[in-house]
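**Student:** Before I ask anything, let me first share the structure, which is written out below as structure tokens.
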Amino acid sequence: MTGEELEGALLRIDGHGYKAYKAIAGCYALDDGLTLFVDHVQGDPFAAPSKLRVRVDAARARLPALGDTDVRRIAFEDYLARRVADAVERRPRGGRGSGRSGEMSIDAGGQIVLQRTSVVLTDDWVEARIYVGLPGDGRRVLGRQAAEILCRTLPRIALGALCADSFEEDAARRFVDCVDNQEGLREQLAARGLVAFVGDGAVLPRASGASDRPLDRERAVPFVTPEALRVALRLRNPLATDAGTVDELHGMAIPEGVTLIVGGGYHGKSTLLQALEHGVYPHVPGDGREQVVTRGDAVKVRAEDGRHVASVHIRPFICDLPLGRGTDEFSTDDASGSTSQAASIVEALEVGSRLLLLDEDTSATNFMVRDARMQALVSKRHEPITPFIDRVRELYERHGVSTVLVMGGCGDYLDVADHVILMRDYEPHDETQAARRVAAEHGTGRRSEAPAPMELPASRAPDARSFDASRGRREVKIDARGIDRIEFGTQSIDLRGIEQIRVTSQTRAIAHAIHLASKRFMGGGATLREIVDALDALFDREGLDLLDPYHAPGRHPGSFARPRRYEIAAVVNRLRTLRTRRPG
Ligand code: ADP
Ligand code: MG
């Protein structure tokens, strides 16, 4: 059908009961090379807005060929989604209906770039997935306003945002190149024996605790590379600067091994570590962290008392609990600070992380260290904990697991560090040699307490029956409540301890990915590691459209952004109904 026919239909139902909107579900040729799909129509103006897609044919859009690799295509899609979001923001807003009448949105924006479902680019067309609140006056259709929105505003937004005519190709190319460069930098880390890189001049601090945007340039102290840790990495796409074109980037290398970030309180230690945590994702141009990249297997681990733990082998860190309780398959519904941190480390290793990020601010003191005096007072027989300080070298030397640790308060760690970065007035200094001297001159007097060598954990096999997503009459009731809570069937899962989830659409994707995995991948005793492998392969192959179980192929799939395997596993591990078996 055509746009005129849609307009006619909307005018005809003007004033009718709101349910009359159901009749407009379908597909409309609005303009030359421009198609509108009305996939799902809301039941009333107060309900979740309707799901629409607008598609522009390649011949009409004539987009520049920026997406020739997966990384570049995803970056370009992200860029286009931001353009649609801007156009949605700037749209003329007439009329006043009830409830969510006239609302319009697309899932886009923020400081990081992710594979999302909101814009899809193929060889034949480009499509934006949009939400629109169909206007109603109480429960009556406002057909004239609906026609204005669907037949005029939406086409203008789509053509304005998705067509080359109204398009600064340079800005798009800069965006895509910038993201591509970050992935290119990340790719060089492993071969050069590095876990992270922080470019010269990076701006790490954020505007506030509640904002991920950069602190303004007048107040932020830009990153200065300490000479001893300087490296140059190649750029895939040369950058134009005032001083000419550059094809490599200088900055601070953090090598594999054990790296301490030390320094006085408020001197920027945690800010640096947070930049590394978020450096597993590419950032948008202008973020300040476009030249901060961390190896993709980095996992931030923190203490999280009260969390659920299901059959985790925490013996390397904790053994012989009071009253003879074992820790080979440790389960609890209410972990302590130290047991939660131990479990989170073992779980990260289980699904393949080989880089741990820890901050003293969010660690359990007794998990991190037991000093000489405490060793003298409390006999090892009565202390179940093998502190992290007694495992961190073994993790690296025997298992290739590196650690970056913020530690301002406990110098005992100087003994176990390969590299020591001292933050002073937000400027990093390589103090590795000085730290060696101090360690030699001031013995700690403590003894290593590891009772036996540590092995890396075998992966557990989750029982599919642990994943009941039903609630009431609904077979599947799953939702994200903001970034750090998932409603899964009758359960509510607290994600506040999982710090590398950055947007709510990732949370939503994780919730649905877990359900999908329980249906598809958990039958034959697959391990959690195999399950996250299978999900990654599925997302690589088919994208994220298939995550919603009620989704019909070729329709608006809802808003999902790609989560990492570590965060998917972390949510599985926090499910209070989780039961697992040893594999084999
Ligand atoms: P620490 O962990 O050493 O106690 P933080 O990293 O929490 O310190 O930083 C303390 C404060 O300094 C924060 O408000 C942070 O935003 C700010 N800050 C951090 N790095 C910089 C910087 N490079 N320039 C300006 N302010 C910064
Ligand atoms: Mg701190």
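Quick note on naming: the chains in the structure tokens go A, B, ... in the order shown, residues restart at 1 in each chain, and ligands are numbered from 1 in order of appearance.
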Go through segment 444-547 of chain A and collect every residue that DSSP, computed from the backbone, puts in strand (DSSP E); the answer should be as a list in words.
**Tutor:**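 Matching residues, listed in order: Ala461, Pro462, Ile478, Asp479, Ala480, Arg485, Ile486, Glu487, Phe488, Gln491, Ser492, Ile493 and Asp494 of chain A.
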**Student:** Export N, CA and C atoms of the chosen residues as a short mmCIF file (atom, residue, chain, number, x, y, z; two decimals), in the first residue's frame?
**Tutor:**
```cif
data_model
loop_
_atom_site.label_atom_id
_atom_site.label_comp_id
_atom_site.auth_asym_id
_atom_site.auth_seq_id
_atom_site.Cartn_x
_atom_site.Cartn_y
_atom_site.Cartn_z
N ALA A 461 28.44 -27.29 34.30
CA ALA A 461 27.34 -27.39 33.33
C ALA A 461 26.04 -26.95 34.01
N PRO A 462 25.49 -25.82 33.58
CA PRO A 462 24.24 -25.36 34.20
C PRO A 462 23.09 -26.30 33.84
N ILE A 478 10.39 -11.65 30.81
CA ILE A 478 11.77 -11.23 31.03
C ILE A 478 11.87 -9.74 30.77
N ASP A 479 12.58 -9.01 31.63
CA ASP A 479 12.76 -7.60 31.34
C ASP A 479 13.97 -7.03 32.05
N ALA A 480 14.50 -5.97 31.50
CA ALA A 480 15.55 -5.21 32.17
C ALA A 480 14.88 -4.07 32.91
N ARG A 485 19.29 -4.30 36.91
CA ARG A 485 18.34 -5.27 37.46
C ARG A 485 17.63 -5.99 36.33
N ILE A 486 17.51 -7.32 36.50
CA ILE A 486 16.78 -8.13 35.52
C ILE A 486 15.64 -8.83 36.23
N GLU A 487 14.45 -8.73 35.63
CA GLU A 487 13.33 -9.55 36.09
C GLU A 487 13.30 -10.77 35.18
N PHE A 488 13.48 -11.92 35.79
CA PHE A 488 13.54 -13.16 35.01
C PHE A 488 12.50 -14.10 35.60
N GLN A 491 11.92 -14.12 39.38
CA GLN A 491 13.15 -13.73 40.07
C GLN A 491 13.58 -12.34 39.69
N SER A 492 14.26 -11.69 40.65
CA SER A 492 14.85 -10.40 40.37
C SER A 492 16.36 -10.55 40.59
N ILE A 493 17.14 -10.24 39.57
CA ILE A 493 18.59 -10.45 39.67
C ILE A 493 19.28 -9.09 39.78
N ASP A 494 20.11 -8.96 40.79
CA ASP A 494 20.81 -7.71 41.07
C ASP A 494 22.16 -7.71 40.34
#
```
**Student:** Go through segment 375-507 of chain A and collect every residue that DSSP, computed from the backbone, puts in helix (DSSP H, G or I); the answer should be as number ranges by chain.
**Tutor:** A: 375-377, 380-382, 388-390, 392-399, 411-416, 432-441, 464-466, 504-507
**Student:** Suppose you want the space between atom CA of Leu272 of chain A and atom CA of Arg393 of chain A; what is it in Å?
**Tutor:**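 About the pair atom CA of Leu272 of chain A and atom CA of Arg393 of chain A: they are 22.3 Å apart.
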**Student:** Write out as a ChimeraX atom specification each polymer residue (protein, DNA or RNA) that has an atom no more than 12 Å from ligand 1, with only C-alpha atoms and all ligand atoms counted.
**Tutor:** /A:200-224,261-275,288-289,358-362,405-409,421-428
**Student:** Report as a Markdown table the residues of segment 200-306 of chain A within 12 Å of segment 66-82 of chain A, each with its shortest atom pair and distance in Å (one decimal), using only C-alpha atoms, ordered by chain and increasing residue number.
**Tutor:**
```
| residue | atom | partner | partner_atom | distance |
| --- | --- | --- | --- | --- |
| A:Arg236 | CA | A:Arg72 | CA | 11.7 |
| A:Asn237 | CA | A:Arg72 | CA | 11.6 |
| A:Tyr281 | CA | A:Ala75 | CA | 11.7 |
| A:Pro282 | CA | A:Ala75 | CA | 9.3 |
| A:His283 | CA | A:Ala75 | CA | 10.3 |
| A:Val284 | CA | A:Tyr79 | CA | 9.3 |
| A:Pro285 | CA | A:Tyr79 | CA | 10.9 |
```
**Student:** Between atom CA of Ala511 of chain A and atom CA of Asp305 of chain A, what distance in Å does the model show, to one decimal?
**Tutor:** 22.2 Å
**Student:** What does the distance from atom CA of Thr225 of chain A to atom CA of Val176 of chain A come to in Å, to one decimal?
**Tutor:**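 Spanning atom CA of Thr225 of chain A to atom CA of Val176 of chain A is a straight-line distance of 26.1 Å.
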